[in-house]
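Reproduced below: coords31.pdb, with PDB, C-alpha atoms.
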ATOM      1  CA  MET A   1       0.000   0.000   0.000
ATOM      2  CA  PRO A   2       1.750   3.175  -1.101
ATOM      3  CA  ALA A   3       2.047   6.028   1.325
ATOM      4  CA  GLY A   4      -0.876   8.408   1.300
ATOM      5  CA  GLU A   5      -3.331   5.956  -0.211
ATOM      6  CA  GLY A   6      -5.852   3.505   1.081
ATOM      7  CA  VAL A   7      -6.547   0.056  -0.223
ATOM      8  CA  THR A   8      -5.942  -0.197  -3.947
ATOM      9  CA  ALA A   9      -8.419  -1.751  -6.356
ATOM     10  CA  ARG A  10      -6.147  -4.716  -6.788
ATOM     11  CA  GLN A  11      -5.898  -5.255  -3.051
ATOM     12  CA  ARG A  12      -9.635  -4.945  -2.720
ATOM     13  CA  GLN A  13     -10.106  -7.579  -5.386
ATOM     14  CA  ALA A  14      -7.671  -9.847  -3.593
ATOM     15  CA  ILE A  15      -9.616  -9.459  -0.343
ATOM     16  CA  GLU A  16     -12.881 -10.181  -2.140
ATOM     17  CA  GLU A  17     -11.421 -13.374  -3.541
ATOM     18  CA  ILE A  18     -10.188 -14.411  -0.107
ATOM     19  CA  VAL A  19     -13.609 -13.793   1.430
ATOM     20  CA  SER A  20     -15.424 -15.571  -1.371
ATOM     21  CA  ALA A  21     -13.177 -18.619  -1.117
ATOM     22  CA  ALA A  22     -13.644 -18.758   2.649
ATOM     23  CA  GLU A  23     -17.422 -18.539   2.364
ATOM     24  CA  ASN A  24     -17.505 -21.295  -0.221
ATOM     25  CA  LEU A  25     -15.323 -23.444   1.967
ATOM     26  CA  CYS A  26     -17.299 -23.391   5.193
ATOM     27  CA  GLY A  27     -20.657 -21.773   4.461
ATOM     28  CA  LEU A  28     -20.290 -18.949   6.969
ATOM     29  CA  SER A  29     -20.286 -15.288   6.000
ATOM     30  CA  PHE A  30     -16.987 -13.492   6.268
ATOM     31  CA  LYS A  31     -16.493  -9.775   6.347
ATOM     32  CA  VAL A  32     -13.259  -7.851   6.301
ATOM     33  CA  TYR A  33     -13.141  -4.254   7.457
ATOM     34  CA  VAL A  34     -10.038  -2.137   7.022
ATOM     35  CA  GLY A  35     -10.344   1.270   8.569
ATOM     36  CA  GLN A  36     -10.596   3.195  11.759
ATOM     37  CA  LEU A  37     -11.985   1.554  14.886
ATOM     38  CA  SER A  38     -12.487   4.540  17.105
ATOM     39  CA  ASP A  39     -14.000   2.583  19.988
ATOM     40  CA  GLY A  40     -11.939  -0.521  19.571
ATOM     41  CA  ARG A  41     -13.874  -3.730  19.980
ATOM     42  CA  ALA A  42     -17.166  -1.913  20.492
ATOM     43  CA  SER A  43     -16.823  -0.441  17.015
ATOM     44  CA  ALA A  44     -16.156  -3.863  15.555
ATOM     45  CA  GLU A  45     -19.186  -5.335  17.278
ATOM     46  CA  ALA A  46     -21.281  -2.435  16.047
ATOM     47  CA  LEU A  47     -20.070  -3.071  12.530
ATOM     48  CA  LEU A  48     -21.107  -6.688  12.771
ATOM     49  CA  GLN A  49     -24.534  -5.831  14.135
ATOM     50  CA  ALA A  50     -25.105  -3.130  11.552
ATOM     51  CA  SER A  51     -24.329  -5.415   8.657
ATOM     52  CA  ALA A  52     -27.137  -6.770   6.562
ATOM     53  CA  GLY A  53     -27.911 -10.460   6.458
ATOM     54  CA  GLU A  54     -27.477 -12.909   9.261
ATOM     55  CA  SER A  55     -25.009 -11.381  11.633
ATOM     56  CA  THR A  56     -25.134 -14.537  13.734
ATOM     57  CA  ARG A  57     -23.514 -16.476  10.919
ATOM     58  CA  THR A  58     -20.937 -13.804  10.199
ATOM     59  CA  VAL A  59     -17.278 -13.575  11.111
ATOM     60  CA  LEU A  60     -15.991 -10.013  11.023
ATOM     61  CA  THR A  61     -12.298  -9.301  10.792
ATOM     62  CA  ALA A  62     -11.761  -5.635  11.539
ATOM     63  CA  ILE A  63      -8.330  -4.142  11.058
ATOM     64  CA  ASP A  64      -7.311  -0.670  12.094
ATOM     65  CA  PRO A  65      -3.887  -0.065  10.537
ATOM     66  CA  THR A  66      -3.551   3.299  12.204
ATOM     67  CA  SER A  67      -3.816   2.059  15.766
ATOM     68  CA  ARG A  68      -2.439  -1.351  14.760
ATOM     69  CA  THR A  69      -5.448  -3.103  16.182
ATOM     70  CA  LEU A  70      -7.139  -6.279  15.042
ATOM     71  CA  GLU A  71     -10.602  -7.351  16.145
ATOM     72  CA  ILE A  72     -12.224 -10.628  15.191
ATOM     73  CA  VAL A  73     -15.903 -10.794  16.057
ATOM     74  CA  THR A  74     -17.959 -13.906  15.483
ATOM     75  CA  GLY A  75     -21.728 -14.074  15.491
ATOM     76  CA  SER A  76     -23.444 -16.402  17.918
ATOM     77  CA  HIS A  77     -23.911 -19.129  15.322
ATOM     78  CA  ALA A  78     -20.477 -18.692  13.801
ATOM     79  CA  SER A  79     -18.857 -18.946  17.200
ATOM     80  CA  THR A  80     -20.004 -22.556  17.471
ATOM     81  CA  SER A  81     -17.805 -23.390  14.486
ATOM     82  CA  ILE A  82     -15.009 -20.924  15.160
ATOM     83  CA  ASP A  83     -14.190 -20.770  18.838
ATOM     84  CA  ASP A  84     -12.123 -18.113  20.551
ATOM     85  CA  ARG A  85      -8.951 -20.184  20.469
ATOM     86  CA  THR A  86      -9.218 -20.479  16.722
ATOM     87  CA  CYS A  87      -9.765 -16.759  16.512
ATOM     88  CA  ALA A  88      -6.695 -16.192  18.660
ATOM     89  CA  LEU A  89      -4.650 -18.437  16.395
ATOM     90  CA  ALA A  90      -5.910 -16.611  13.327
ATOM     91  CA  ALA A  91      -5.133 -13.284  15.002
ATOM     92  CA  LEU A  92      -1.605 -14.449  15.690
ATOM     93  CA  ALA A  93      -1.140 -15.449  12.072
ATOM     94  CA  MET A  94      -2.512 -12.156  10.878
ATOM     95  CA  THR A  95      -0.544  -9.924  13.213
ATOM     96  CA  SER A  96       2.648 -11.762  12.277
ATOM     97  CA  SER A  97       2.076 -10.823   8.665
ATOM     98  CA  PHE A  98       0.983  -7.298   9.535
ATOM     99  CA  GLN A  99       4.243  -6.777  11.388
ATOM    100  CA  ALA A 100       6.040  -7.619   8.179
ATOM    101  CA  GLY A 101       3.913  -5.087   6.308
ATOM    102  CA  GLU A 102       1.810  -7.695   4.547
ATOM    103  CA  LEU A 103      -1.797  -6.593   4.836
ATOM    104  CA  ILE A 104      -3.264  -8.862   2.187
ATOM    105  CA  GLY A 105      -1.096 -11.803   3.179
ATOM    106  CA  GLY A 106      -2.197 -11.462   6.774
ATOM    107  CA  ILE A 107      -5.862 -11.315   5.872
ATOM    108  CA  ARG A 108      -5.430 -14.355   3.655
ATOM    109  CA  ASN A 109      -3.701 -16.333   6.393
ATOM    110  CA  GLY A 110      -6.219 -15.486   9.073
ATOM    111  CA  VAL A 111      -9.415 -15.866   7.071
ATOM    112  CA  ASN A 112      -8.241 -19.100   5.476
ATOM    113  CA  LEU A 113      -7.314 -20.487   8.858
ATOM    114  CA  MET A 114     -10.750 -19.749  10.309
ATOM    115  CA  ALA A 115     -12.549 -21.080   7.243
ATOM    116  CA  GLU A 116     -10.532 -24.283   7.279
ATOM    117  CA  HIS A 117     -11.331 -24.748  10.932
ATOM    118  CA  ALA A 118     -15.048 -24.148  10.403
ATOM    119  CA  ARG A 119     -15.288 -26.467   7.439
ATOM    120  CA  ARG A 120     -17.490 -29.422   8.134
ATOM    121  CA  PRO A 121     -15.971 -32.745   7.205
ATOM    122  CA  GLU A 122     -17.719 -34.685   4.502
ATOM    123  CA  ARG A 123     -19.879 -37.539   5.728
ATOM    124  CA  ARG A 124     -19.622 -39.818   2.784
ATOM    125  CA  HIS A 125     -21.320 -42.750   4.459
ATOM    126  CA  LEU A 126     -24.385 -40.561   5.103
ATOM    127  CA  ASP A 127     -24.292 -38.521   1.939
ATOM    128  CA  THR A 128     -24.593 -41.585  -0.246
ATOM    129  CA  ILE A 129     -27.793 -42.783   1.403
TER     130      ILE A 129
ATOM    131  CA  MET B   1      18.470  18.514  -3.138
ATOM    132  CA  ILE B   2      22.092  17.938  -2.156
ATOM    133  CA  PHE B   3      22.908  14.444  -1.041
ATOM    134  CA  LYS B   4      24.967  14.451   2.133
ATOM    135  CA  PRO B   5      26.292  11.009   2.957
ATOM    136  CA  SER B   6      26.331  10.147   6.614
ATOM    137  CA  ARG B   7      29.508   9.280   8.464
ATOM    138  CA  HIS B   8      28.423   5.684   8.534
ATOM    139  CA  ILE B   9      28.196   5.551   4.747
ATOM    140  CA  ILE B  10      31.510   7.358   4.304
ATOM    141  CA  ARG B  11      33.267   5.000   6.682
ATOM    142  CA  ARG B  12      31.803   1.958   4.995
ATOM    143  CA  SER B  13      32.799   3.281   1.575
ATOM    144  CA  VAL B  14      36.365   3.920   2.693
ATOM    145  CA  ILE B  15      36.653   0.449   4.198
ATOM    146  CA  SER B  16      35.201  -1.133   1.066
ATOM    147  CA  ALA B  17      37.549   0.803  -1.199
ATOM    148  CA  GLY B  18      40.521  -0.124   0.954
ATOM    149  CA  CYS B  19      39.602  -3.787   0.916
ATOM    150  CA  VAL B  20      39.158  -3.750  -2.849
ATOM    151  CA  ALA B  21      42.507  -2.035  -3.332
ATOM    152  CA  ALA B  22      44.264  -4.490  -1.040
ATOM    153  CA  VAL B  23      42.757  -7.475  -2.816
ATOM    154  CA  GLY B  24      43.699  -5.967  -6.158
ATOM    155  CA  VAL B  25      47.314  -5.405  -5.137
ATOM    156  CA  LEU B  26      47.586  -8.894  -3.698
ATOM    157  CA  SER B  27      46.078 -10.386  -6.834
ATOM    158  CA  ALA B  28      48.442  -8.510  -9.097
ATOM    159  CA  ALA B  29      51.535  -9.071  -6.964
ATOM    160  CA  PRO B  30      52.673 -12.302  -8.677
ATOM    161  CA  ALA B  31      52.851 -10.477 -11.988
ATOM    162  CA  PHE B  32      55.573  -8.220 -10.634
ATOM    163  CA  ALA B  33      57.870 -11.066  -9.700
ATOM    164  CA  GLN B  34      61.336 -10.538 -11.144
ATOM    165  CA  ASP B  35      62.275 -12.640 -14.111
ATOM    166  CA  SER B  36      65.348 -14.767 -13.819
ATOM    167  CA  VAL B  37      67.414 -16.770 -16.197
ATOM    168  CA  ALA B  38      66.152 -19.962 -14.645
ATOM    169  CA  ASP B  39      62.596 -18.898 -15.269
ATOM    170  CA  ASN B  40      61.659 -20.620 -18.445
ATOM    171  CA  ASN B  41      58.855 -18.333 -19.417
ATOM    172  CA  PRO B  42      58.155 -18.571 -23.119
ATOM    173  CA  THR B  43      55.828 -15.626 -23.159
ATOM    174  CA  GLY B  44      58.235 -13.211 -21.588
ATOM    175  CA  LEU B  45      57.510 -10.568 -18.951
ATOM    176  CA  LEU B  46      54.186  -8.829 -18.748
ATOM    177  CA  SER B  47      54.232  -5.095 -18.641
ATOM    178  CA  PRO B  48      52.922  -3.606 -15.361
ATOM    179  CA  GLY B  49      49.852  -2.254 -17.085
ATOM    180  CA  THR B  50      48.998  -5.583 -18.646
ATOM    181  CA  ALA B  51      49.624  -7.361 -15.369
ATOM    182  CA  VAL B  52      47.295  -5.050 -13.508
ATOM    183  CA  LEU B  53      44.666  -5.433 -16.184
ATOM    184  CA  ILE B  54      44.817  -9.209 -16.103
ATOM    185  CA  PHE B  55      45.276  -9.903 -12.425
ATOM    186  CA  ALA B  56      43.293  -7.047 -10.955
ATOM    187  CA  GLY B  57      41.038  -5.820 -13.727
ATOM    188  CA  ILE B  58      39.416  -9.127 -14.523
ATOM    189  CA  PRO B  59      38.631 -10.060 -10.882
ATOM    190  CA  LEU B  60      37.303  -6.582 -10.249
ATOM    191  CA  ALA B  61      35.187  -6.745 -13.381
ATOM    192  CA  VAL B  62      33.742 -10.086 -12.324
ATOM    193  CA  ALA B  63      33.082  -8.793  -8.814
ATOM    194  CA  GLY B  64      31.412  -5.707 -10.260
ATOM    195  CA  LEU B  65      29.273  -7.798 -12.534
ATOM    196  CA  ILE B  66      28.113  -9.966  -9.632
ATOM    197  CA  TRP B  67      27.383  -6.899  -7.526
ATOM    198  CA  LEU B  68      25.403  -5.412 -10.398
ATOM    199  CA  LEU B  69      23.355  -8.564 -10.871
ATOM    200  CA  VAL B  70      22.582  -8.692  -7.161
ATOM    201  CA  SER B  71      21.768  -5.015  -6.729
ATOM    202  CA  ALA B  72      20.003  -4.191  -9.971
ATOM    203  CA  PRO B  73      16.658  -5.839  -9.164
ATOM    204  CA  SER B  74      16.229  -3.705  -6.070
ATOM    205  CA  TRP B  75      16.735  -0.528  -8.109
ATOM    206  CA  THR B  76      13.853  -1.373 -10.383
ATOM    207  CA  ARG B  77      11.410  -2.034  -7.558
ATOM    208  CA  LYS B  78       9.797   0.417  -5.239
ATOM    209  CA  ALA B  79      10.921   0.497  -1.678
ATOM    210  CA  ARG B  80       8.845  -1.784   0.449
ATOM    211  CA  THR B  81       6.659   0.209   2.761
ATOM    212  CA  SER B  82       4.670  -0.983   5.701
ATOM    213  CA  ASP B  83       1.000  -1.367   4.842
ATOM    214  CA  SER B  84      -0.094  -0.493   8.311
ATOM    215  CA  ALA B  85       2.052   2.579   8.659
ATOM    216  CA  ALA B  86       1.025   3.983   5.309
ATOM    217  CA  PHE B  87      -2.728   3.481   5.586
ATOM    218  CA  SER B  88      -4.559   6.754   5.274
ATOM    219  CA  GLY B  89      -7.410   5.970   2.906
ATOM    220  CA  ASP B  90     -11.118   5.442   3.310
ATOM    221  CA  ALA B  91     -12.410   2.492   5.229
ATOM    222  CA  LEU B  92     -13.013  -0.665   3.261
ATOM    223  CA  VAL B  93     -15.612  -3.346   3.861
ATOM    224  CA  VAL B  94     -15.511  -6.567   1.939
ATOM    225  CA  GLY B  95     -17.875  -9.459   2.447
ATOM    226  CA  ALA B  96     -21.311 -10.814   1.820
ATOM    227  CA  GLU B  97     -23.950  -8.106   1.868
ATOM    228  CA  ALA B  98     -21.382  -5.523   2.805
ATOM    229  CA  ASP B  99     -23.772  -2.607   2.684
ATOM    230  CA  MET B 100     -22.436  -0.837   5.707
ATOM    231  CA  THR B 101     -21.806   2.811   5.128
ATOM    232  CA  VAL B 102     -18.377   3.468   6.437
ATOM    233  CA  GLY B 103     -16.298   6.518   6.940
ATOM    234  CA  GLY B 104     -19.035   8.781   8.170
ATOM    235  CA  GLY B 105     -20.181   6.731  11.119
ATOM    236  CA  ASP B 106     -23.653   6.044   9.655
ATOM    237  CA  PHE B 107     -24.125   2.315   9.518
ATOM    238  CA  GLY B 108     -27.486   2.301   7.806
ATOM    239  CA  SER B 109     -29.700   3.443  10.629
ATOM    240  CA  ALA B 110     -30.415   6.519  12.712
ATOM    241  CA  LYS B 111     -28.553   4.970  15.607
ATOM    242  CA  THR B 112     -24.882   5.436  16.091
ATOM    243  CA  PRO B 113     -22.697   2.373  16.119
ATOM    244  CA  MET B 114     -22.315   2.620  19.873
ATOM    245  CA  ASP B 115     -26.098   2.706  20.311
ATOM    246  CA  ILE B 116     -26.426  -0.389  18.216
ATOM    247  CA  ALA B 117     -23.702  -2.095  20.166
ATOM    248  CA  ARG B 118     -25.375  -1.282  23.464
ATOM    249  CA  GLY B 119     -28.865  -2.206  22.373
ATOM    250  CA  ILE B 120     -28.180  -5.594  20.886
ATOM    251  CA  ASP B 121     -26.690  -8.636  22.502
ATOM    252  CA  VAL B 122     -23.010  -8.676  21.974
ATOM    253  CA  PRO B 123     -21.846 -11.570  19.847
ATOM    254  CA  PRO B 124     -20.240 -14.138  22.040
ATOM    255  CA  GLY B 125     -17.098 -14.914  20.118
ATOM    256  CA  GLY B 126     -13.903 -13.417  18.850
ATOM    257  CA  THR B 127     -10.638 -12.014  19.990
ATOM    258  CA  SER B 128      -8.555  -8.866  19.994
ATOM    259  CA  ALA B 129      -4.942  -8.395  19.073
ATOM    260  CA  ARG B 130      -2.397  -5.707  18.442
ATOM    261  CA  TRP B 131       0.815  -5.665  16.493
TER     262      TRP B 131
END
Translate this structure into structure tokens?
Amino acid sequence: MPAGEGVTARQRQAIEEIVSAAENLCGLSFKVYVGQLSDGRASAEALLQASAGESTRTVLTAIDPTSRTLEIVTGSHASTSIDDRTCALAALAMTSSFQAGELIGGIRNGVNLMAEHARRPERRHLDTI
Amino acid sequence: MIFKPSRHIIRRSVISAGCVAAVGVLSAAPAFAQDSVADNNPTGLLSPGTAVLIFAGIPLAVAGLIWLLVSAPSWTRKARTSDSAAFSGDALVVGAEADMTVGGGDFGSAKTPMDIARGIDVPPGGTSARW
């Protein structure tokens, strides 16, 4: 991300692809927010609640590059598939990349990790009946 | 804008130049060995200029070529900047049904985000982190 600019169109497209792949993988809704979180976690929770659709099935990853803060908020239904420990692991993966200046790479690592964890295993013996 | 090299750069340059000169002199030293009758050298003595060119010029040229090949790619790329430090753009929301209005604090209703957060049950999951 060049100095003085926000997220470029190419970066936005990359994030959209990451989110789309994660949603296809596990069936939950993923949202990525990059911007200011003036009230910290409360802002992230407000963002999740204000979003359209089923917020209970949504996982919001909110990143504030200015204050170097990351908030992962899971809806009540999503939290049954993605527990707090998984979120913490994803946060660790993301912050490691953010420290290296890799915004997109960090988002990819974290969102993929959560989606992989939430993916339901195939039940072939039941699906064939 | 006048480029003023720092003392660190000057010192490193002097040390590098000294090392290169020393290696060059050592490399070329055998060429200055005195010829003797017992030395059965069919090609005869090399002139000092030729000796320096062969024994110092060629190694230096090879070293310069390697340095150029290593350094050139970084000249063609932009300096890597930290994404987080450079962020100053508008907020971005990506995701399914991402219809939140961001940047102005209006998230699609008359309530402020904090009002929404207080009025609705807080989602149970998630985590916070800093870097």
Can you give me, as a ChimeraX atom specification, the residues this file yields under the ChimeraX specification (/B :<6) & /A? /A:1,3-6,30-35,46,50-52,65,68-76,79,84,87-88,95,101,103
Rounded to one decimal place, report the atom CA of Ser13 of chain B-atom CA of Val25 of chain B distance in Å.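 Distance reported for this atom pair: 18.2 Å.
Relative to atom CA of Arg119 of chain A, atom CA of Asn24 of chain A is found at 9.5 Å.
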Tell me which protein, DNA and RNA residues are within 8 Å of Arg108 of chain A, counting all atoms listed in the file, leaving out same-chain ones fewer than 3 positions away, and put them as JSON, numbers by chain. {"A": [15, 18, 104, 105, 111, 112]}
Using Å and a single decimal, report how far atom CA of Ala62 of chain A sits from atom CA of Ser38 of chain A. 11.6 Å
Excluding same-chain residues fewer than 4 positions from Glu116 of chain A, what lies within 12 Å of it counting only C-alpha atoms, as number ranges by chain? A: 21-28, 81-82, 86-87, 90, 108-112, 120-121
Quick one: which residues end up in the PyMOL selection byres ((chain A and resi 56) around 6) for this structure, as a VMD selection string? chain A and resid 54 to 55 57 to 58 75 to 77
A:Ala78, A:Val7, A:Met94, A:Ala14 ranked by distance to Ala115 of chain A, top pick (using only C-alpha atoms): A:Ala78
Kindly compute an axis-aligned box around the listed atoms of segment 58-75 of chain A, allowing 6 Å on each side, and express its centre and edge lengths in Å to one decimal as lines of an AutoDock Vina configuration file.
center_x = -12.1
center_y = -5.4
center_z = 13.2
size_x = 31.3
size_y = 29.4
size_z = 18.0
Nearest residue to Ala61 of chain B out of B:Ile15, B:Ile10, B:Leu45, B:Val20, using only C-alpha atoms? B:Val20
